[in-house]
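S.K.: Here you go, query_39.txt (compact mmCIF, C-alpha atoms):
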# COMPACT_ATOMS: atom_id res chain seq x y z
CA MET A 1 0.00 0.00 0.00
CA ALA A 2 1.21 3.51 -0.76
CA ASP A 3 0.85 4.62 2.86
CA ASP A 4 3.04 1.77 4.12
CA ARG A 5 6.18 2.03 1.99
CA PRO A 6 9.65 1.52 3.48
CA VAL A 7 11.11 4.49 5.34
CA PRO A 8 14.76 5.69 5.23
CA LEU A 9 15.76 3.83 8.42
CA ASP A 10 14.79 0.55 6.74
CA GLU A 11 18.02 0.88 4.72
CA TYR A 12 20.07 0.12 7.84
CA PRO A 13 20.49 -3.26 9.63
CA VAL A 14 18.81 -2.06 12.83
CA HIS A 15 15.54 -4.02 12.82
CA GLN A 16 14.51 -5.94 15.93
CA VAL A 17 11.35 -7.54 14.54
CA PRO A 18 10.15 -8.38 10.98
CA LEU A 19 8.45 -5.00 10.56
CA SER A 20 9.34 -1.72 8.94
CA MET A 21 10.99 0.79 11.27
CA ARG A 22 7.78 2.74 10.75
CA HIS A 23 6.10 0.36 13.21
CA VAL A 24 6.68 -0.86 16.77
CA ALA A 25 6.38 -4.50 17.83
CA THR A 26 3.32 -3.91 20.03
CA GLY A 27 -0.15 -2.88 18.98
CA ASP A 28 -0.79 -1.22 22.34
CA ARG A 29 -1.99 2.34 21.75
CA ASN A 30 0.14 3.45 24.72
CA ALA A 31 3.46 2.65 22.99
CA TYR A 32 5.85 5.58 23.37
CA ASP A 33 9.46 6.67 22.80
CA ARG A 34 10.62 9.91 24.39
CA CYS A 35 13.22 11.92 26.27
CA ILE A 36 13.49 14.57 28.96
CA PHE A 37 16.30 17.06 29.60
CA HIS A 38 17.01 19.10 32.72
CA VAL A 39 19.23 22.18 32.58
CA LEU A 40 19.84 24.00 35.88
CA ASP A 41 22.12 26.70 37.16
CA HIS A 42 23.98 26.04 40.39
CA GLU A 43 22.37 28.92 42.31
CA GLY A 44 18.73 28.03 41.67
CA ARG A 45 17.99 31.02 39.43
CA ALA A 46 16.63 28.90 36.57
CA LEU A 47 15.44 25.38 35.81
CA LEU A 48 14.73 24.36 32.22
CA VAL A 49 12.82 21.12 31.60
CA ALA A 50 12.41 20.04 27.97
CA GLY A 51 11.33 16.88 26.22
CA LEU A 52 10.05 15.27 23.04
CA GLY A 53 7.92 12.17 22.56
CA VAL A 54 6.71 9.88 19.78
CA TYR A 55 3.49 7.85 20.11
CA PRO A 56 3.53 5.63 16.99
CA ASN A 57 0.22 3.80 17.47
CA VAL A 58 -1.78 7.02 17.78
CA GLY A 59 0.27 8.90 15.16
CA VAL A 60 1.41 11.76 17.40
CA ILE A 61 4.72 13.53 17.98
CA ASP A 62 4.92 16.26 20.61
CA ALA A 63 7.42 18.34 22.57
CA TYR A 64 7.50 20.83 25.40
CA ALA A 65 9.78 23.17 27.30
CA THR A 66 9.28 24.92 30.64
CA LEU A 67 11.56 27.43 32.32
CA ARG A 68 11.20 28.44 35.95
CA THR A 69 12.73 31.77 36.91
CA GLY A 70 11.74 33.20 40.28
CA ASP A 71 8.04 32.45 40.77
CA VAL A 72 7.17 32.38 37.05
CA LEU A 73 7.01 29.33 34.83
CA HIS A 74 7.21 29.90 31.07
CA ALA A 75 5.94 27.05 28.89
CA VAL A 76 5.85 26.20 25.19
CA ARG A 77 4.15 23.01 23.96
CA ALA A 78 3.76 21.70 20.41
CA SER A 79 2.13 18.69 18.77
CA ASP A 80 1.77 17.35 15.23
CA ALA A 81 1.10 14.27 13.15
CA LEU A 82 3.94 11.77 13.25
CA GLY A 83 5.80 11.54 9.95
CA ASP A 84 8.00 8.84 8.45
CA ASP A 85 11.39 10.35 9.30
CA ARG A 86 12.01 9.35 12.93
CA MET A 87 15.42 11.04 12.83
CA ARG A 88 13.78 14.45 12.40
CA LEU A 89 13.11 15.46 16.00
CA THR A 90 11.22 18.68 15.34
CA VAL A 91 7.79 19.82 16.51
CA GLY A 92 6.75 23.43 15.93
CA PRO A 93 9.43 25.72 17.40
CA LEU A 94 11.10 22.89 19.37
CA ARG A 95 13.78 20.57 18.06
CA ILE A 96 16.54 18.19 19.14
CA GLU A 97 19.57 17.50 16.96
CA VAL A 98 21.61 14.39 17.72
CA GLU A 99 25.05 15.59 16.67
CA GLU A 100 26.88 12.58 18.15
CA PRO A 101 24.78 9.78 19.70
CA LEU A 102 25.25 9.37 23.47
CA ARG A 103 27.73 12.24 23.41
CA ARG A 104 26.50 15.57 22.06
CA LEU A 105 23.02 16.96 21.34
CA ARG A 106 21.70 20.38 20.40
CA LEU A 107 18.47 21.65 21.98
CA VAL A 108 16.61 24.50 20.29
CA CYS A 109 13.40 26.41 20.96
CA ASP A 110 12.71 29.32 18.62
CA ASP A 111 9.69 31.03 20.14
CA ASP A 112 8.88 34.50 21.46
CA GLN A 113 7.62 33.09 24.77
CA LEU A 114 10.73 31.03 25.49
CA SER A 115 13.82 30.55 23.36
CA TYR A 116 17.08 28.70 23.77
CA ASP A 117 19.95 27.30 21.77
CA LEU A 118 21.98 24.85 23.84
CA VAL A 119 24.65 22.23 23.28
CA TRP A 120 24.36 19.32 25.72
CA THR A 121 27.61 17.34 26.06
CA ALA A 122 27.91 14.09 28.00
CA VAL A 123 30.47 14.02 30.81
CA PHE A 124 29.70 10.45 31.90
CA PRO A 125 28.58 7.37 29.96
CA ALA A 126 24.88 6.58 29.80
CA LEU A 127 23.61 4.33 32.59
CA TRP A 128 20.75 1.85 32.28
CA GLU A 129 17.97 2.29 34.82
CA PRO A 130 16.12 -0.77 36.19
CA HIS A 131 13.54 -2.36 33.91
CA HIS A 132 10.29 -0.70 34.96
CA VAL A 133 7.04 -2.69 35.03
CA GLN A 134 3.67 -1.78 36.56
CA ARG A 135 0.35 -3.60 36.50
CA ARG A 136 -3.12 -2.67 37.61
CA GLY A 137 -5.14 -5.77 38.25
CA GLY A 138 -4.16 -8.15 35.47
CA ARG A 139 -3.43 -5.36 32.99
CA LEU A 140 0.13 -4.32 32.09
CA THR A 141 -0.02 -0.51 32.26
CA LEU A 142 3.66 0.39 32.07
CA GLU A 143 6.75 -1.34 30.78
CA GLY A 144 9.69 0.91 30.07
CA ARG A 145 13.38 0.76 29.33
CA ARG A 146 15.38 3.85 30.24
CA PHE A 147 18.88 5.22 30.41
CA VAL A 148 20.08 8.31 32.22
CA GLN A 149 23.11 10.53 31.63
CA ALA A 150 24.76 13.65 33.08
CA GLY A 151 26.61 16.32 31.16
CA SER A 152 27.58 19.94 30.69
CA VAL A 153 25.55 22.54 28.82
CA THR A 154 26.51 25.73 26.99
CA GLY A 155 24.46 28.32 25.13
CA THR A 156 21.73 30.89 25.77
CA VAL A 157 18.22 30.85 27.27
CA ARG A 158 15.77 33.78 26.98
CA ALA A 159 12.32 34.32 28.52
CA GLY A 160 10.35 37.12 30.14
CA GLY A 161 12.88 39.77 29.20
CA GLU A 162 15.74 37.84 30.85
CA GLU A 163 18.72 36.25 29.18
CA PHE A 164 20.82 33.53 30.75
CA ARG A 165 24.29 32.68 29.50
CA VAL A 166 24.64 28.97 30.12
CA THR A 167 28.21 27.92 30.90
CA ALA A 168 29.70 24.52 31.64
CA GLY A 169 31.10 25.57 35.02
CA GLU A 170 27.91 27.14 36.40
CA TRP A 171 25.20 24.91 34.94
CA THR A 172 24.50 21.17 34.92
CA GLY A 173 22.51 19.04 32.50
CA THR A 174 20.89 15.64 32.96
CA ARG A 175 18.79 13.62 30.56
CA ASP A 176 16.63 10.51 30.47
CA ARG A 177 15.67 8.40 27.41
CA SER A 178 12.84 5.94 27.68
CA TRP A 179 10.62 3.80 25.49
CA GLY A 180 8.03 1.08 25.85
CA VAL A 181 4.40 1.27 26.98
CA ARG A 182 3.10 4.01 29.26
CA PRO A 183 -0.48 5.27 29.77
CA ILE A 184 -1.59 8.19 27.63
CA PRO A 185 -4.96 9.95 27.96
CA GLY A 186 -7.94 8.16 26.49
CA GLU A 187 -7.09 4.58 27.36
CA GLU A 188 -9.67 2.44 29.15
CA GLY A 189 -7.97 3.05 32.49
CA GLY A 190 -11.00 4.63 34.11
CA ARG A 191 -12.63 1.27 34.80
CA LEU A 192 -9.30 -0.28 35.79
CA ALA A 193 -8.72 2.54 38.24
CA GLU A 194 -12.16 2.13 39.76
CA GLU A 195 -11.79 -1.61 40.20
CA HIS A 196 -8.16 -1.46 41.39
CA PRO A 197 -7.73 1.83 43.27
CA THR A 198 -4.25 2.92 44.29
CA GLU A 199 -3.85 3.49 48.02
CA GLY A 200 -0.56 5.27 47.71
CA PHE A 201 2.50 5.91 45.56
CA HIS A 202 5.94 7.17 46.63
CA TRP A 203 8.63 8.04 44.06
CA LEU A 204 12.21 9.31 44.07
CA TRP A 205 14.36 9.75 40.94
CA CYS A 206 17.67 11.43 41.50
CA PRO A 207 20.49 11.92 38.91
CA VAL A 208 23.43 13.83 40.42
CA ARG A 209 26.56 15.08 38.69
CA PHE A 210 29.74 15.58 40.71
CA GLU A 211 33.01 16.74 39.18
CA ASP A 212 34.50 13.24 39.00
CA ARG A 213 31.49 10.93 39.39
CA PHE A 214 27.80 10.46 38.64
CA LEU A 215 25.21 9.08 41.05
CA MET A 216 21.76 7.71 40.21
CA VAL A 217 19.15 6.90 42.87
CA ILE A 218 15.67 5.49 42.18
CA VAL A 219 12.99 4.45 44.68
CA GLN A 220 9.36 3.48 44.05
CA GLU A 221 7.21 2.29 46.95
CA ASP A 222 3.60 1.31 47.53
CA ALA A 223 1.42 2.53 50.38
CA ASP A 224 2.86 0.03 52.87
CA GLY A 225 6.45 0.76 51.85
CA TYR A 226 6.82 -2.28 49.59
CA ARG A 227 9.54 -1.38 47.10
CA SER A 228 8.84 -2.18 43.45
CA LEU A 229 11.79 -0.25 42.00
CA ASN A 230 15.18 0.26 43.59
CA ASP A 231 18.60 1.43 42.42
CA ALA A 232 21.61 3.35 43.70
CA THR A 233 24.58 3.28 41.35
CA LEU A 234 27.79 5.31 41.38
CA VAL A 235 29.60 5.82 38.06
CA ARG A 236 33.29 6.74 37.97
CA PRO A 237 35.22 6.77 34.68
CA GLY A 238 37.85 4.04 34.68
CA HIS A 239 36.15 2.12 37.49
CA ARG A 240 33.48 -0.54 37.60
CA ASP A 241 30.06 0.89 38.49
CA ARG A 242 29.46 0.62 42.23
CA GLN A 243 26.12 -0.46 43.66
CA LEU A 244 25.19 1.43 46.82
CA GLY A 245 22.55 -0.86 48.20
CA TRP A 246 19.08 0.00 49.44
CA PRO A 247 18.68 3.81 49.56
CA GLN A 248 16.64 5.17 52.44
CA ALA A 249 15.49 8.78 52.25
CA GLU A 250 14.63 11.05 55.17
CA ILE A 251 12.67 13.89 53.58
CA THR A 252 11.82 17.11 55.42
CA TYR A 253 8.60 18.59 54.03
CA ARG A 254 7.29 22.13 54.25
CA SER A 255 4.62 22.20 56.96
CA GLY A 256 1.11 21.59 55.64
CA THR A 257 2.39 20.14 52.34
CA ARG A 258 4.34 17.31 50.78
CA ASP A 259 6.82 19.74 49.23
CA PRO A 260 10.39 18.78 50.21
CA VAL A 261 12.76 21.46 51.48
CA ARG A 262 15.71 19.14 52.11
CA ALA A 263 16.51 15.46 52.40
CA LEU A 264 19.10 13.01 53.61
CA VAL A 265 19.50 9.80 51.59
CA HIS A 266 21.32 6.92 53.29
CA LEU A 267 23.41 4.90 50.82
CA GLY A 268 25.80 1.98 50.91
CA ASP A 269 25.80 -0.95 53.29
CA VAL A 270 26.63 -1.46 56.96
CA ARG A 271 30.34 -1.80 56.17
CA LYS A 272 30.61 1.63 54.56
CA PRO A 273 27.47 3.74 54.92
CA GLN A 274 27.28 7.05 53.06
CA GLU A 275 24.91 10.00 53.31
CA LEU A 276 23.69 12.09 50.40
CA GLU A 277 22.58 15.54 51.56
CA VAL A 278 19.98 17.29 49.41
CA GLU A 279 19.32 21.05 49.37
CA ILE A 280 16.39 22.14 47.21
CA LEU A 281 17.17 25.20 45.04
CA THR A 282 14.03 25.63 42.91
CA SER A 283 11.14 23.47 41.73
CA SER A 284 9.07 22.75 38.63
CA PRO A 285 5.88 20.66 38.98
CA LEU A 286 5.56 18.50 35.87
CA ALA A 287 1.77 18.72 35.89
CA VAL A 288 2.11 22.46 35.28
CA GLY A 289 3.16 23.28 31.74
CA ALA A 290 5.13 20.11 30.97
CA GLY A 291 2.17 17.87 30.13
CA TYR A 292 2.63 15.12 32.73
CA PRO A 293 -0.41 13.67 34.55
CA PRO A 294 -2.65 14.93 35.98
CA ALA A 295 -2.29 18.13 33.90
CA ASP A 296 -5.67 19.41 32.70
CA ASP A 297 -4.59 21.77 29.88
CA TRP A 298 -2.48 19.32 27.83
CA GLN A 299 -0.95 15.86 28.25
CA HIS A 300 1.57 13.93 26.16
CA GLY A 301 0.31 11.81 23.29
CA THR A 302 -2.98 13.65 22.80
CA TRP A 303 -4.01 14.69 19.30
CA ARG A 304 -4.46 18.47 19.02
CA GLY A 305 -4.58 18.69 15.26
CA PRO A 306 -1.78 19.43 12.80
CA GLY A 307 0.77 22.10 13.68
CA TRP A 308 -0.55 22.82 17.21
CA THR A 309 1.54 25.16 19.38
CA ASP A 310 0.53 26.52 22.78
CA ARG A 311 2.22 29.06 25.04
CA ARG A 312 1.53 29.65 28.72
CA THR A 313 2.88 31.62 31.65
CA TYR A 314 2.10 30.29 35.14
CA ASP A 315 2.29 32.20 38.41
CA LEU A 316 3.73 29.71 40.88
CA THR A 317 2.82 31.87 43.88
CA GLN A 318 -0.78 30.84 43.20
CA PRO A 319 -2.00 27.35 44.17
CA HIS A 320 -2.11 24.79 41.39
CA THR A 321 -4.23 21.99 42.82
CA LEU A 322 -3.21 19.31 40.34
CA ALA A 323 0.48 19.90 41.00
CA ALA A 324 0.10 18.22 44.39
CA TYR A 325 -0.93 14.98 42.66
CA GLY A 326 1.91 14.92 40.13
CA VAL A 327 5.67 14.51 40.27
CA THR A 328 7.80 17.62 40.84
CA ASP A 329 11.35 18.13 39.58
CA HIS A 330 13.52 19.98 42.07
CA ALA A 331 16.86 21.47 41.05
CA ALA A 332 19.13 20.66 43.97
CA ARG A 333 22.61 20.94 45.44
CA PHE A 334 23.99 17.66 46.78
CA ARG A 335 26.80 16.74 49.16
CA LEU A 336 28.45 13.31 49.31
CA ASP A 337 31.78 12.42 50.94
CA GLY A 338 32.81 16.07 51.06
CA ARG A 339 31.99 16.62 47.36
CA ILE A 340 29.40 19.08 46.08
CA GLY A 341 27.26 18.12 43.11
CA HIS A 342 24.15 19.31 41.29
CA GLY A 343 21.21 17.56 39.68
CA ILE A 344 17.53 16.73 40.02
CA PHE A 345 15.61 15.56 43.06
CA GLU A 346 12.42 14.32 41.41
CA HIS A 347 9.81 13.40 43.96
CA GLY A 348 6.16 12.55 44.25
CA SER A 349 4.22 11.19 47.22
CA PHE A 350 0.48 10.65 46.92
CA GLY A 351 -1.99 8.91 49.18
CA ARG A 352 -0.94 6.66 52.03
CA HIS A 353 2.74 6.02 52.68
CA ASP A 354 3.39 4.26 55.98
CA PRO A 355 7.17 4.93 56.18
CA SER A 356 6.52 8.69 55.88
CA GLY A 357 3.54 8.72 58.23
CA PHE A 358 1.05 9.80 55.55
CA THR A 359 -2.31 8.12 56.10
CA ASP A 360 -4.34 9.09 53.00
CA PHE A 361 -4.51 11.51 50.06
CA ASN A 362 -5.28 14.44 52.36
CA SER A 363 -2.41 13.74 54.75
CA VAL A 364 0.41 16.33 54.83
CA ALA A 365 3.47 17.12 56.94
CA PRO A 366 2.71 18.64 60.36
Before anything else, please render the file you have as structure tokens.
M.R.:
Amino acid sequence: MADDRPVPLDEYPVHQVPLSMRHVATGDRNAYDRCIFHVLDHEGRALLVAGLGVYPNVGVIDAYATLRTGDVLHAVRASDALGDDRMRLTVGPLRIEVEEPLRRLRLVCDDDQLSYDLVWTAVFPALWEPHHVQRRGGRLTLEGRRFVQAGSVTGTVRAGGEEFRVTAGEWTGTRDRSWGVRPIPGEEGGRLAEEHPTEGFHWLWCPVRFEDRFLMVIVQEDADGYRSLNDATLVRPGHRDRQLGWPQAEITYRSGTRDPVRALVHLGDVRKPQELEVEILTSSPLAVGAGYPPADDWQHGTWRGPGWTDRRTYDLTQPHTLAAYGVTDHAARFRLDGRIGHGIFEHGSFGRHDPSGFTDFNSVAP
């Protein structure tokens, strides 16, 4: 058929299944392939979060960028029909250029609301994250493969009349690449959710760049503290990756909220325990502007028609109710073994979580 001809990538010996590279191996409408970048300055003046996603079984490609400066969040989002050229990572004013795979990428947003032109350069090799699987009842709702990486960033960011010169010594970049199956709006999850309600969910995702090493910490727990995802890995060039055991986080929340102000993460084992100190610099809730659930103005993978672009400015001094039920990315300063590092303290805690003392969805820190 004319609408199912080979695509350029079919020229290369990269196939995993007997299908054109136009298609994925699963027919699940929730199939996805996407990335997220974090660019933060070391003083907490700015936090840029940007990403791009492909949803092949619903025919959508979309991208977003948010920049927090002070108490203002600038956001640009774009969506379009997915074309045949999967190496063209462009949606509206947003684009990603892979100049050298796993080593150097260029991030561009050419928009009046928010603009940037940045070169992201890896400082450490990419690290696989644990295979991530979630089920609700008997239904597989999420199965993802991800890698994470830390690097340096140079270039310029502009928004709201401000210009930031991004330099390698004063800014840090992290990124995450993932693909698999992940819920997008419109799936039949309403009935699943009703029949298999979630009592609680507790999440920590923490990539940290130090001058000579990279640390990745991941924790996912159920309401009773049962851990379904766990990792703490230290990467040092020239050394074998070191596993740091079962991370335990002591999080101090702002009174009356579940917003962290600082944390202490215990790493290692009884023979050589280590403590990762976390100081929050600034925060960006992913349900505000970035399209992550439970955002109500746009979510990833939704069809908005051809050539859709949307621009928003959010006042973060005002309450955003949905932000409390989504994950928040916190730019943070970290201390470990006398070293100072920078990265992301991504955290979300909803509903009951016995280890934290939260009893239900209305429970907050005293």
S.K.: What is the distance, in Å and to one decimal place, between CA of Pro8 in chain A and CA of Asp80 in chain A?
M.R.: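 Taking CA of Pro8 in chain A as the start and CA of Asp80 in chain A as the end point, the length is 20.1 Å.
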S.K.: From the options A:Pro273, A:Gly289, A:Gly348, A:Gly200, which residue's atoms come nearest to Ile251 in chain A, counting only C-alpha atoms?
M.R.: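 The closest residue to Ile251 in chain A is A:Gly348.
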S.K.: Just the number, please: distance in Å from CA of Arg34 in chain A to CA of Pro294 in chain A, one decimal.
M.R.: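 About the pair CA of Arg34 in chain A and CA of Pro294 in chain A: they are 18.3 Å apart.
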S.K.: Can you tell me which residues surround Ile344 in chain A at a distance of at most 12 Å, considering all atoms listed in the file, apart from same-chain residues fewer than 4 positions away, and format the answer as a ChimeraX atom specification?
M.R.: /A:36-42,44,47-49,148-150,172-176,204-209,215-218,278-284,328-334
S.K.: Give me, as a list in words, all polymer residues having an atom no more than 12 Å from His239 in chain A, counting all atoms listed in the file and skipping those fewer than 4 positions away in the same chain.
M.R.: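 After dropping sequence-adjacent residues, the list is Phe124, Pro125, Asp212, Arg213, Phe214, Leu234 and Val235 of chain A.
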S.K.: Please indicate the distance in Å from CA of Leu127 in chain A to CA of Leu89 in chain A, rounded to one decimal place.
M.R.: 22.6 Å
S.K.: Compare A:Asp315, A:Glu163, A:Asp112, A:Asp310 by their minimum atom-to-atom distance to Tyr64 in chain A, counting all atoms listed in the file, and give me the closest one.
M.R.: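 Selected residue with least distance to Tyr64 in chain A: A:Asp310.
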S.K.: Around (7.2, -2.8, 49.4) in the file's frame, which residues reach within 12 Å when counting all atoms listed in the file? Return as number ranges by chain?
M.R.: A: 200-202, 219-230, 353-355
S.K.: Pick from A:Glu275, A:Gly161, A:Gly301, A:His23: nearest to Ser79 in chain A, with all atoms listed in the file counted?
M.R.: A:Gly301
S.K.: When you count all atoms listed in the file, which of these residues is closest to Thr233 in chain A: A:Glu11, A:Leu140, A:Glu129, A:Pro56?
M.R.: A:Glu129
